[in-house]
file query.txt (compact mmCIF, C-alpha atoms and all ligand atoms)
# COMPACT_ATOMS: atom_id res chain seq x y z
CA MET A 1 45.90 37.73 33.93
CA ALA A 2 42.59 35.85 34.17
CA ALA A 3 40.08 36.65 31.41
CA MET A 4 37.27 38.94 32.50
CA HIS A 5 34.74 37.08 30.37
CA PRO A 6 36.04 33.52 30.21
CA ARG A 7 32.80 31.70 29.41
CA THR A 8 30.84 31.24 26.22
CA ILE A 9 27.19 30.35 26.75
CA VAL A 10 24.67 29.51 24.07
CA HIS A 11 20.95 29.69 24.80
CA ILE A 12 18.68 27.81 22.44
CA ASP A 13 14.94 28.43 22.29
CA LEU A 14 12.85 26.33 19.93
CA ASP A 15 10.63 28.36 17.63
CA CYS A 16 6.88 28.15 18.34
CA PHE A 17 7.56 24.84 20.04
CA TYR A 18 4.22 23.05 20.31
CA ALA A 19 3.27 24.27 16.84
CA GLN A 20 6.60 23.05 15.45
CA VAL A 21 6.07 19.60 16.93
CA GLU A 22 2.79 19.47 15.03
CA MET A 23 4.42 20.76 11.84
CA VAL A 24 7.28 18.27 12.02
CA ALA A 25 4.73 15.48 12.42
CA ASP A 26 2.58 16.85 9.59
CA PRO A 27 4.63 18.97 7.15
CA LYS A 28 1.49 20.01 5.25
CA LEU A 29 0.86 22.44 8.11
CA LYS A 30 4.17 24.19 7.67
CA ASP A 31 3.16 27.24 5.66
CA LYS A 32 -0.37 27.52 6.96
CA PRO A 33 -1.40 29.51 10.01
CA LEU A 34 -1.53 27.07 12.91
CA GLY A 35 -2.56 27.57 16.54
CA ILE A 36 -2.33 25.20 19.49
CA GLN A 37 -5.28 25.24 21.82
CA GLN A 38 -5.41 24.40 25.53
CA LYS A 39 -8.74 25.08 27.22
CA ASN A 40 -9.95 28.39 25.75
CA ILE A 41 -6.52 29.75 24.89
CA ILE A 42 -4.15 29.54 21.92
CA VAL A 43 -1.00 28.77 23.93
CA THR A 44 1.22 29.20 20.90
CA CYS A 45 1.00 29.56 17.14
CA ASN A 46 3.40 29.26 14.22
CA TYR A 47 4.99 32.26 12.55
CA PRO A 48 2.59 32.40 9.55
CA ALA A 49 -0.20 32.76 12.16
CA ARG A 50 1.77 35.46 14.00
CA ALA A 51 2.14 37.36 10.72
CA ARG A 52 -1.66 37.38 10.58
CA GLY A 53 -1.99 38.85 14.06
CA VAL A 54 -2.46 35.72 16.18
CA HIS A 55 -0.27 35.67 19.27
CA LYS A 56 0.65 33.45 22.18
CA LEU A 57 -2.02 33.24 24.89
CA MET A 58 -4.75 34.69 22.68
CA TYR A 59 -8.30 33.84 23.72
CA ILE A 60 -9.89 31.44 21.29
CA ASN A 61 -12.93 33.68 20.83
CA LYS A 62 -10.71 36.40 19.33
CA VAL A 63 -9.46 34.08 16.57
CA PRO A 64 -12.36 34.29 14.05
CA LYS A 65 -11.93 38.05 13.74
CA VAL A 66 -8.13 38.02 13.51
CA CYS A 67 -7.45 34.91 11.43
CA PRO A 68 -10.59 32.98 10.44
CA ASP A 69 -8.64 30.30 8.57
CA LEU A 70 -6.37 29.50 11.51
CA ILE A 71 -5.88 25.72 11.76
CA ILE A 72 -6.30 24.75 15.38
CA ARG A 73 -4.76 21.65 16.95
CA ASP A 74 -5.56 20.43 20.44
CA GLY A 75 -2.50 20.77 22.67
CA SER A 76 -3.93 19.36 25.88
CA ASN A 77 -1.94 16.14 25.66
CA LEU A 78 1.65 17.10 26.36
CA LYS A 79 3.07 13.67 25.62
CA ARG A 80 4.43 14.41 22.15
CA TYR A 81 5.86 17.76 23.23
CA ARG A 82 7.67 16.07 26.09
CA GLU A 83 9.00 13.38 23.80
CA ALA A 84 10.21 15.99 21.32
CA SER A 85 11.91 17.88 24.15
CA GLU A 86 13.69 14.66 25.23
CA LYS A 87 14.92 14.03 21.70
CA ILE A 88 16.20 17.58 21.41
CA LEU A 89 17.97 17.30 24.77
CA ASP A 90 19.60 14.04 23.66
CA HIS A 91 20.71 15.65 20.43
CA LEU A 92 22.22 18.67 22.17
CA ARG A 93 24.05 16.40 24.61
CA GLY A 94 25.78 14.94 21.58
CA TRP A 95 27.49 18.34 21.23
CA THR A 96 28.39 18.88 24.87
CA PRO A 97 27.38 17.22 28.15
CA GLU A 98 26.92 20.66 29.65
CA VAL A 99 23.29 21.18 28.64
CA GLU A 100 20.70 22.57 31.02
CA ARG A 101 17.06 22.38 30.04
CA LEU A 102 14.67 25.08 31.12
CA GLY A 103 11.01 24.17 30.69
CA MET A 104 10.46 22.10 27.57
CA ASP A 105 11.97 24.15 24.79
CA GLU A 106 14.86 26.16 26.19
CA PHE A 107 18.41 24.93 26.64
CA PHE A 108 21.59 26.50 27.94
CA LEU A 109 24.84 25.09 26.60
CA ASP A 110 28.18 25.95 28.10
CA VAL A 111 30.42 25.76 25.04
CA THR A 112 33.52 27.27 26.68
CA HIS A 113 35.54 24.07 26.22
CA MET A 114 34.38 23.63 22.65
CA VAL A 115 35.47 27.17 21.90
CA ALA A 116 38.92 26.57 23.45
CA ASP A 117 39.39 23.33 21.46
CA GLU A 118 38.34 25.01 18.28
CA GLN A 119 40.53 28.02 18.78
CA GLU A 120 43.53 25.77 19.27
CA LYS A 121 43.16 24.11 15.94
CA MET A 122 41.71 26.78 13.72
CA GLU A 123 43.12 29.56 11.74
CA LYS A 124 41.38 32.74 12.90
CA LYS A 125 37.73 33.03 11.87
CA LEU A 126 37.17 36.22 9.98
CA ASP A 127 33.73 37.15 11.11
CA PHE A 128 30.73 36.38 13.27
CA VAL A 129 27.94 34.31 11.89
CA GLY A 130 24.36 35.47 12.50
CA HIS A 131 23.44 38.79 14.05
CA VAL A 132 25.61 40.72 16.44
CA TYR A 133 23.93 43.20 18.74
CA ARG A 134 24.82 46.63 17.37
CA GLY A 135 26.79 44.83 14.70
CA GLU A 136 26.97 47.97 12.60
CA THR A 137 29.75 49.21 14.90
CA LEU A 138 31.86 46.10 14.49
CA THR A 139 33.99 47.44 11.68
CA LEU A 140 35.30 49.92 14.19
CA ILE A 141 36.18 47.16 16.62
CA GLU A 142 38.09 45.29 13.97
CA THR A 143 39.85 48.45 12.85
CA GLN A 144 40.78 49.07 16.43
CA THR A 145 42.11 45.57 16.94
CA ARG A 146 44.24 45.82 13.85
CA ASN A 147 45.46 49.36 14.10
CA GLU A 148 44.35 51.47 17.01
CA SER A 149 45.63 54.70 15.61
CA HIS A 150 42.82 54.71 13.04
CA VAL A 151 40.06 54.59 15.64
CA PRO A 152 38.46 57.78 16.88
CA SER A 153 39.21 58.01 20.59
CA CYS A 154 35.52 58.09 21.63
CA THR A 155 35.05 54.47 20.53
CA ALA A 156 38.11 53.17 22.35
CA LYS A 157 36.35 52.71 25.71
CA VAL A 158 33.39 50.85 24.27
CA HIS A 159 35.38 48.24 22.42
CA HIS A 160 38.32 47.87 24.71
CA CYS A 161 37.93 44.41 26.21
CA ARG A 162 41.21 42.68 25.68
CA CYS A 163 40.44 39.45 27.49
CA GLY A 164 39.86 37.56 24.25
CA CYS A 165 36.06 37.38 24.59
CA TYR A 166 35.55 38.97 21.20
CA GLN A 167 37.36 36.12 19.46
CA ARG A 168 35.76 33.49 21.72
CA LEU A 169 32.26 34.78 21.05
CA MET A 170 33.01 34.83 17.34
CA THR A 171 33.94 31.14 17.55
CA GLY A 172 30.87 30.59 19.78
CA SER A 173 28.66 32.08 17.09
CA HIS A 174 29.96 29.50 14.59
CA ILE A 175 29.38 26.68 17.09
CA ALA A 176 25.82 27.89 17.76
CA GLN A 177 25.14 28.01 14.05
CA ARG A 178 26.42 24.45 13.58
CA ILE A 179 24.30 23.19 16.47
CA ARG A 180 21.17 24.82 15.07
CA THR A 181 21.87 23.47 11.60
CA SER A 182 22.38 19.93 12.91
CA LEU A 183 19.21 20.16 14.99
CA TYR A 184 17.30 21.04 11.85
CA GLN A 185 18.98 18.46 9.65
CA THR A 186 18.62 15.64 12.17
CA LEU A 187 15.27 16.29 13.84
CA GLY A 188 13.68 18.94 11.63
CA TYR A 189 13.43 21.65 14.32
CA THR A 190 14.40 25.29 13.96
CA ALA A 191 15.52 27.28 16.96
CA SER A 192 16.73 30.75 17.81
CA ALA A 193 19.91 31.26 19.79
CA GLY A 194 21.69 33.84 21.89
CA ILE A 195 25.43 33.74 22.43
CA SER A 196 27.18 35.64 25.19
CA VAL A 197 29.35 35.39 28.30
CA GLY A 198 26.59 34.50 30.80
CA LYS A 199 23.28 32.68 30.94
CA MET A 200 20.91 35.59 31.43
CA ILE A 201 22.40 37.71 28.72
CA ALA A 202 22.56 34.77 26.27
CA LYS A 203 18.84 34.17 26.86
CA LEU A 204 17.89 37.80 26.40
CA SER A 205 20.07 38.10 23.28
CA GLY A 206 18.36 35.14 21.64
CA GLU A 207 15.01 36.89 21.98
CA LEU A 208 16.17 39.79 19.82
CA LYS A 209 15.83 37.99 16.48
CA LYS A 210 13.35 35.18 15.94
CA PRO A 211 12.55 32.77 14.41
CA ASN A 212 15.47 30.63 13.21
CA GLN A 213 18.11 33.29 13.82
CA GLN A 214 20.84 33.96 16.32
CA THR A 215 22.35 36.98 18.02
CA THR A 216 25.69 37.41 19.73
CA MET A 217 26.07 39.95 22.53
CA LEU A 218 29.54 41.34 23.21
CA PRO A 219 30.28 42.35 26.83
CA ALA A 220 30.86 45.95 25.81
CA TYR A 221 27.18 46.31 24.94
CA ILE A 222 25.59 44.47 27.85
CA ASP A 223 25.26 47.51 30.07
CA GLY A 224 23.54 49.65 27.45
CA PHE A 225 21.35 46.78 26.29
CA LEU A 226 20.04 46.07 29.78
CA ALA A 227 19.50 49.66 30.90
CA PRO A 228 16.13 50.40 29.25
CA LEU A 229 14.64 46.91 29.74
CA ARG A 230 11.68 46.46 32.03
CA VAL A 231 12.60 44.62 35.22
CA ARG A 232 10.10 41.91 34.33
CA LYS A 233 12.44 40.82 31.53
CA ILE A 234 15.10 39.76 34.02
CA PRO A 235 14.86 36.03 34.61
CA GLY A 236 13.80 35.48 38.21
CA CYS A 237 11.82 38.71 38.41
CA GLY A 238 8.34 37.25 38.32
CA TYR A 239 4.90 38.71 38.75
CA SER A 240 5.00 39.29 42.48
CA THR A 241 8.56 40.65 42.58
CA SER A 242 7.87 43.09 39.76
CA LYS A 243 4.71 44.21 41.56
CA LYS A 244 6.68 44.91 44.73
CA LEU A 245 9.23 46.85 42.69
CA ALA A 246 6.50 48.79 40.90
CA SER A 247 5.14 49.88 44.27
CA LEU A 248 8.56 51.48 44.85
CA GLY A 249 8.32 53.18 41.46
CA ILE A 250 10.82 50.82 39.85
CA GLU A 251 9.98 49.57 36.41
CA THR A 252 13.20 49.59 34.41
CA VAL A 253 16.66 48.15 34.93
CA THR A 254 18.10 51.66 35.14
CA GLN A 255 15.75 52.48 38.01
CA LEU A 256 16.68 49.19 39.63
CA ARG A 257 20.37 50.07 39.41
CA ASN A 258 19.70 53.26 41.31
CA LEU A 259 18.22 51.39 44.25
CA SER A 260 20.72 50.33 46.89
CA LYS A 261 21.24 46.62 47.38
CA GLN A 262 20.02 46.89 51.01
CA LYS A 263 16.76 48.57 49.98
CA LEU A 264 16.21 46.03 47.24
CA ILE A 265 16.78 43.14 49.63
CA LYS A 266 14.40 44.73 52.11
CA ALA A 267 11.73 44.98 49.42
CA VAL A 268 11.97 41.53 47.82
CA GLY A 269 14.03 39.37 50.18
CA ALA A 270 17.71 38.49 50.37
CA GLN A 271 17.82 35.71 47.84
CA ILE A 272 15.97 37.38 44.97
CA GLY A 273 17.16 40.88 45.86
CA GLY A 274 20.87 40.02 45.83
CA ARG A 275 20.61 38.22 42.53
CA LEU A 276 18.48 40.91 40.88
CA HIS A 277 20.92 43.59 41.92
CA ASP A 278 23.80 41.72 40.28
CA LEU A 279 21.83 40.89 37.16
CA ALA A 280 20.80 44.53 36.72
CA PHE A 281 24.51 45.26 36.28
CA GLY A 282 24.97 42.27 34.00
CA LEU A 283 26.80 40.26 36.69
CA ASP A 284 25.81 36.66 36.21
CA THR A 285 28.11 33.91 37.35
CA SER A 286 25.44 31.20 37.50
CA HIS A 287 26.60 27.95 35.96
CA VAL A 288 25.00 25.74 33.40
CA VAL A 289 23.83 22.81 35.51
CA ALA A 290 23.61 19.76 33.31
CA THR A 291 20.07 18.38 33.33
CA VAL A 292 19.89 14.90 34.78
CA ARG A 293 17.12 12.46 34.10
CA GLU A 294 13.96 13.74 35.78
CA LYS A 295 13.51 12.45 39.31
CA GLN A 296 9.80 12.96 39.42
CA MET A 297 7.12 12.66 36.82
CA SER A 298 4.01 14.68 37.36
CA GLU A 299 0.74 15.67 35.78
CA GLU A 300 -1.62 18.31 37.02
CA ASP A 301 -5.19 19.45 36.78
CA SER A 302 -7.21 22.32 38.18
CA PHE A 303 -9.97 19.92 39.38
CA LYS A 304 -12.48 22.60 38.51
CA SER A 305 -16.16 21.66 38.73
CA CYS A 306 -15.57 18.51 40.78
CA THR A 307 -18.62 18.31 42.99
CA ALA A 308 -18.83 14.59 43.67
CA ILE A 309 -16.32 12.08 44.92
CA ASP A 310 -16.71 10.09 41.74
CA ASP A 311 -15.75 13.21 39.75
CA VAL A 312 -12.51 13.37 41.70
CA ALA A 313 -11.77 9.69 41.08
CA LEU A 314 -12.47 10.07 37.37
CA ARG A 315 -10.31 13.14 37.14
CA ILE A 316 -7.50 11.37 38.96
CA LEU A 317 -7.81 8.50 36.52
CA SER A 318 -7.62 10.83 33.53
CA ILE A 319 -4.40 12.43 34.74
CA LEU A 320 -2.99 9.11 35.89
CA ARG A 321 -3.18 7.47 32.46
CA PRO A 322 -0.71 9.75 30.66
CA LEU A 323 1.51 9.51 33.73
CA LEU A 324 1.58 5.72 33.59
CA GLU A 325 2.30 5.92 29.88
CA ARG A 326 5.35 8.08 30.62
CA VAL A 327 6.47 5.60 33.25
CA ARG A 328 6.19 2.84 30.66
CA MET A 329 8.21 4.77 28.10
CA ARG A 330 10.86 5.60 30.59
CA PHE A 331 11.09 1.97 31.61
CA GLN A 332 11.60 1.02 27.97
CA LYS A 333 14.29 3.62 27.54
CA HIS A 334 16.19 3.48 30.82
CA GLY A 335 14.87 0.42 32.64
CA ASP A 336 13.96 2.18 35.89
CA LEU A 337 10.65 2.29 37.74
CA PRO A 338 9.15 4.62 40.37
CA SER A 339 9.06 3.78 44.02
CA THR A 340 6.67 6.42 45.37
CA LEU A 341 3.24 7.74 44.56
CA ARG A 342 2.55 11.26 45.70
CA LEU A 343 -0.45 13.55 45.60
CA THR A 344 0.13 17.27 45.98
CA ILE A 345 -2.59 19.82 46.49
CA ARG A 346 -2.15 23.52 46.21
CA ASP A 347 -4.23 25.66 48.50
CA ARG A 348 -7.45 26.52 46.71
CA LEU A 349 -7.27 30.01 48.15
CA SER A 350 -3.91 30.76 46.56
CA HIS A 351 -4.08 32.40 43.16
CA GLN A 352 -2.79 29.29 41.37
CA LYS A 353 -5.49 26.73 41.89
CA THR A 354 -3.71 23.55 40.94
CA GLU A 355 -3.69 20.09 42.31
CA GLN A 356 -1.09 17.60 41.29
CA SER A 357 -0.55 13.94 41.42
CA LYS A 358 3.03 12.88 41.32
CA ILE A 359 4.88 9.72 40.81
CA ASN A 360 8.16 10.26 42.51
CA THR A 361 11.08 8.07 41.63
CA SER A 362 13.39 9.46 44.28
CA GLY A 363 11.09 9.79 47.27
CA GLY A 364 12.82 13.05 48.21
CA ALA A 365 11.11 16.14 49.66
CA TYR A 366 9.73 18.25 46.84
CA PHE A 367 7.36 21.15 47.36
CA THR A 368 7.37 23.16 50.52
CA THR A 369 4.44 25.51 49.92
CA ARG A 370 1.87 22.86 49.10
CA THR A 371 0.35 20.06 51.05
CA SER A 372 1.31 16.60 49.95
CA ARG A 373 1.07 13.00 51.06
CA GLN A 374 2.86 10.05 49.62
CA THR A 375 2.86 6.33 49.77
CA THR A 376 5.57 3.79 48.98
CA ILE A 377 4.85 1.43 46.12
CA PRO A 378 5.91 -2.23 46.16
CA LEU A 379 9.07 -2.81 44.17
CA GLY A 380 8.34 -3.51 40.51
CA PHE A 381 4.69 -2.55 40.86
CA PHE A 382 4.90 -0.14 37.94
CA HIS A 383 6.24 -2.76 35.58
CA PRO A 384 4.20 -2.39 32.35
CA GLU A 385 3.18 -6.04 32.59
CA ASN A 386 1.22 -5.35 35.80
CA LYS A 387 -2.34 -4.76 34.68
CA LYS A 388 -3.63 -3.83 38.16
CA GLN A 389 -1.60 -0.68 38.61
CA GLU A 390 -4.27 1.76 37.36
CA GLY A 391 -6.97 0.76 39.86
CA TYR A 392 -4.46 0.42 42.69
CA CYS A 393 -3.10 3.92 42.04
CA VAL A 394 -6.56 5.50 41.93
CA ASP A 395 -7.42 3.86 45.25
CA HIS A 396 -4.25 5.07 46.89
CA LEU A 397 -4.50 8.57 45.45
CA MET A 398 -8.07 8.83 46.73
CA LYS A 399 -6.93 7.80 50.19
CA LEU A 400 -4.18 10.42 50.08
CA PHE A 401 -6.72 12.94 48.86
CA PHE A 402 -8.98 12.31 51.85
CA LYS A 403 -6.09 12.40 54.29
CA MET A 404 -5.35 15.92 53.19
CA LEU A 405 -8.77 17.26 52.49
CA LEU A 406 -11.04 15.57 54.94
CA PRO A 407 -12.93 18.68 56.09
CA ALA A 408 -13.38 20.09 52.57
CA SER A 409 -14.17 16.73 51.00
CA LYS A 410 -17.17 16.29 53.27
CA ARG A 411 -18.82 18.79 50.98
CA LEU A 412 -18.40 16.42 48.05
CA VAL A 413 -21.26 14.07 47.35
CA GLY A 414 -20.64 10.36 46.90
CA PRO A 415 -19.55 7.03 48.37
CA GLU A 416 -17.91 7.20 51.76
CA SER A 417 -15.68 4.20 51.23
CA TRP A 418 -12.49 6.07 50.36
CA ALA A 419 -13.01 8.61 53.12
CA ASN A 420 -13.59 5.93 55.72
CA ASN A 421 -10.65 3.96 54.54
CA THR A 422 -7.83 6.34 55.32
CA GLU A 423 -5.49 4.22 57.43
P1 LIG B 501 7.69 29.72 24.43
O1 LIG B 501 9.12 29.42 24.16
O2 LIG B 501 7.34 30.91 25.25
O3 LIG B 501 6.93 29.95 23.06
P2 LIG B 501 7.11 29.23 21.67
O4 LIG B 501 8.27 28.30 21.64
O5 LIG B 501 5.80 28.63 21.29
O6 LIG B 501 7.35 30.45 20.71
P3 LIG B 501 8.67 31.28 20.44
O7 LIG B 501 8.99 31.07 18.99
O8 LIG B 501 8.27 32.68 20.74
O9 LIG B 501 9.74 30.78 21.36
O10 LIG B 501 6.96 28.48 25.08
C1 LIG B 501 7.27 27.13 24.71
C2 LIG B 501 6.00 26.31 24.66
O11 LIG B 501 5.36 26.31 25.93
C3 LIG B 501 4.98 26.82 23.69
O12 LIG B 501 5.13 26.27 22.40
C4 LIG B 501 3.66 26.47 24.30
C5 LIG B 501 3.95 26.32 25.76
N1 LIG B 501 3.39 27.42 26.55
C6 LIG B 501 2.40 27.15 27.51
O13 LIG B 501 1.99 26.00 27.66
N2 LIG B 501 1.89 28.18 28.25
C7 LIG B 501 2.31 29.45 28.09
O14 LIG B 501 1.84 30.35 28.79
C8 LIG B 501 3.32 29.73 27.09
C9 LIG B 501 3.82 31.14 26.85
C10 LIG B 501 3.83 28.69 26.36
MG MG B 502 10.23 28.78 22.22
call {"tool": "encode", "arguments": {"input": "query.txt", "output": "structure tokens"}}
result
Amino acid sequence: MAAMHPRTIVHIDLDCFYAQVEMVADPKLKDKPLGIQQKNIIVTCNYPARARGVHKLMYINKVPKVCPDLIIRDGSNLKRYREASEKILDHLRGWTPEVERLGMDEFFLDVTHMVADEQEKMEKKLDFVGHVYRGETLTLIETQTRNESHVPSCTAKVHHCRCGCYQRLMTGSHIAQRIRTSLYQTLGYTASAGISVGKMIAKLSGELKKPNQQTTMLPAYIDGFLAPLRVRKIPGCGYSTSKKLASLGIETVTQLRNLSKQKLIKAVGAQIGGRLHDLAFGLDTSHVVATVREKQMSEEDSFKSCTAIDDVALRILSILRPLLERVRMRFQKHGDLPSTLRLTIRDRLSHQKTEQSKINTSGGAYFTTRTSRQTTIPLGFFHPENKKQEGYCVDHLMKLFFKMLLPASKRLVGPESWANNTE
């Protein structure tokens, strides 16, 4: 008979990521409260700072009252965080090729094959390593496995998965521990991990104990664990979906379970609705999709307070420079260069006012909800030896900018040359 829970998934989330990058670079910071600032917000802070009451996304003006001696580092240049994320990805790939990166500091690893290999050669592991959700009941499970007659009948249902997942997850917990230890010993980073039979539940389990800890979730407990959670906790249930659900009086997973799949689909659409319905019941068959080298490189800016054309050009230049630096590093590492330059602009009326410039190495279609224009770049143009690339890119991005924004850009003050020069 096929196993009901055949997979073992590990989710790894780096602790206070940006702050850790700073602490790894400068170990003196390690035990001091440290916050990372972007604009007027502390985007993250280390755990000594959290113990003092600082939290992620705290406004900077609240800091003096809460933690006057907070050390603040500027986090507006993402370069070192991206580099650290690349190194971590490379390291994790040394364990298994099946690594999917989510954002910069989260990684899913499908360790099913590693578990199978390990189980073949090992004598049985005696226990889990790290935390186990509702671990206090595990003695009963073991008692039951060894000699069922000693187990009170009321526990039998809860612990009765005989597909072998219990043993696999136990092995998975040892693998997760080894991966975390090697990450620390090799690169100096601590991470928290969740271990379970699917991606969503592994991610949610890892959040239970932080920092530098891990939690295993056995299938028998998934249902009860999910039931009281707020729907917003379910990956894929974002701000607008949870708002739609709230308007139907649905705020928890239990309430979501009581809504029929048809009604849910009607409220939030077929794609999200179908998936949410399954996830509410812990059904998650989504695979770990190994992260391939990024096809596009992008930087973005809100372009706030740009009133003159020169402001726009300067702002484009300031976001272009880190982008070109990334292109150079990638060339050094992998030897490939971009072929397309793309500018994307999000509608200023939408609630996320962001404009992006993109260098696209694939040339493929990318965003559907934003306006974008692109231009093909001569082969080899982005070679680091070419000193003219910066000025050339600004010129082209300005032309693309005017192509898209001609009516609005007439309100900007400044030279007409770019506007008039839009092939
Ligand atoms: P998180 O994993 O949410 O946070 P974290 O790693 O700092 O802390 P934790 O120990 O709780 O996992 O985000 C990863 C990084 O992303 C974080 O270090 C800073 C950045 N970030 C933003 O840029 N904007 C945001 O709104 C948040 C929440 C994080
Ligand atoms: Mg993190």
call {"tool": "residues_near_ligand", "arguments": {"input": "query.txt", "ligand": "ligand MG 502 (chain B)", "cutoff": "8 Å", "atoms": "all atoms listed in the file", "output": "list in words"}}
result
Asp13, Leu14, Asp15, Cys16, Phe17, Asp105, Glu106 and Ala191 of chain A
call {"tool": "residues_around", "arguments": {"input": "query.txt", "residues": "Ile72 (chain A)", "least_positions_apart": "3", "cutoff": "7 Å", "atoms": "only C-alpha atoms", "output": "list in words"}}
result
Leu34, Gly35, Ile36 and Gln37 of chain A
call {"tool": "residues_near_ligand", "arguments": {"input": "query.txt", "ligand": "ligand LIG 501 (chain B)", "cutoff": "10 Å", "atoms": "only C-alpha atoms and all ligand atoms", "output": "NGL selection string"}}
result
:A and (12-21 or 35-38 or 41-47 or 50 or 55-58 or 75-76 or 78 or 81 or 102-106 or 190-192 or 206-207 or 210-212)
call {"tool": "closest_residue", "arguments": {"input": "query.txt", "among": "A:Lys399, A:Lys209, A:Arg168, A:Arg232", "to": "Ser196 (chain A)", "atoms": "only C-alpha atoms"}}
result
A:Arg168
call {"tool": "atom_distance", "arguments": {"input": "query.txt", "atom1": "CA of Asn77 (chain A)", "atom2": "CA of Glu98 (chain A)"}}
result
29.5 Å
call {"tool": "atom_distance", "arguments": {"input": "query.txt", "atom1": "CA of Gln262 (chain A)", "atom2": "CA of Gly274 (chain A)"}}
result
8.6 Å
call {"tool": "atom_distance", "arguments": {"input": "query.txt", "atom1": "CA of Val63 (chain A)", "atom2": "CA of Arg80 (chain A)"}}
result
24.7 Å
call {"tool": "closest_atom_pairs", "arguments": {"input": "query.txt", "of": "region 73-118 of chain A", "to": "region 327-350 of chain A", "cutoff": "12 Å", "atoms": "only C-alpha atoms", "output": "tab-separated table"}}
result
residue	atom	partner	partner_atom	distance
A:Lys79	CA	A:Met329	CA	10.6
A:Arg80	CA	A:Met329	CA	11.9
A:Arg82	CA	A:Met329	CA	11.5
A:Glu83	CA	A:Met329	CA	9.7
A:Glu86	CA	A:Arg330	CA	10.9
A:Lys87	CA	A:Lys333	CA	12.0
call {"tool": "residues_around", "arguments": {"input": "query.txt", "residues": "Arg7 (chain A)", "least_positions_apart": "2", "cutoff": "7 Å", "atoms": "all atoms listed in the file", "output": "list in words"}}
result
His5, Ile9, Thr112, Val197 and Gly198 of chain A
call {"tool": "write_last_selection", "arguments": {"input": "query.txt", "atoms": "C-alpha atoms", "output": "compact mmCIF listing (two decimals), in the coordinates of the input"}}
result
# COMPACT_ATOMS: atom_id res chain seq x y z
CA HIS A 5 34.74 37.08 30.37
CA ILE A 9 27.19 30.35 26.75
CA THR A 112 33.52 27.27 26.68
CA VAL A 197 29.35 35.39 28.30
CA GLY A 198 26.59 34.50 30.80
call {"tool": "closest_residue", "arguments": {"input": "query.txt", "among": "A:Arg293, A:Arg101, A:His396, A:His91", "to": "Thr186 (chain A)", "atoms": "only C-alpha atoms"}}
result
A:His91
call {"tool": "residues_around", "arguments": {"input": "query.txt", "residues": "Leu226 (chain A)", "least_positions_apart": "2", "cutoff": "9 Å", "atoms": "only C-alpha atoms", "output": "VMD selection string"}}
result
chain A and resid 201 221 to 224 228 to 230 252 to 254 280 to 282
call {"tool": "residues_near_point", "arguments": {"input": "query.txt", "point": "(23.3, 29.2, 35.3)", "cutoff": "8 Å", "atoms": "only C-alpha atoms", "output": "PyMOL selection string"}}
result
chain A and resi 198-200+284-289
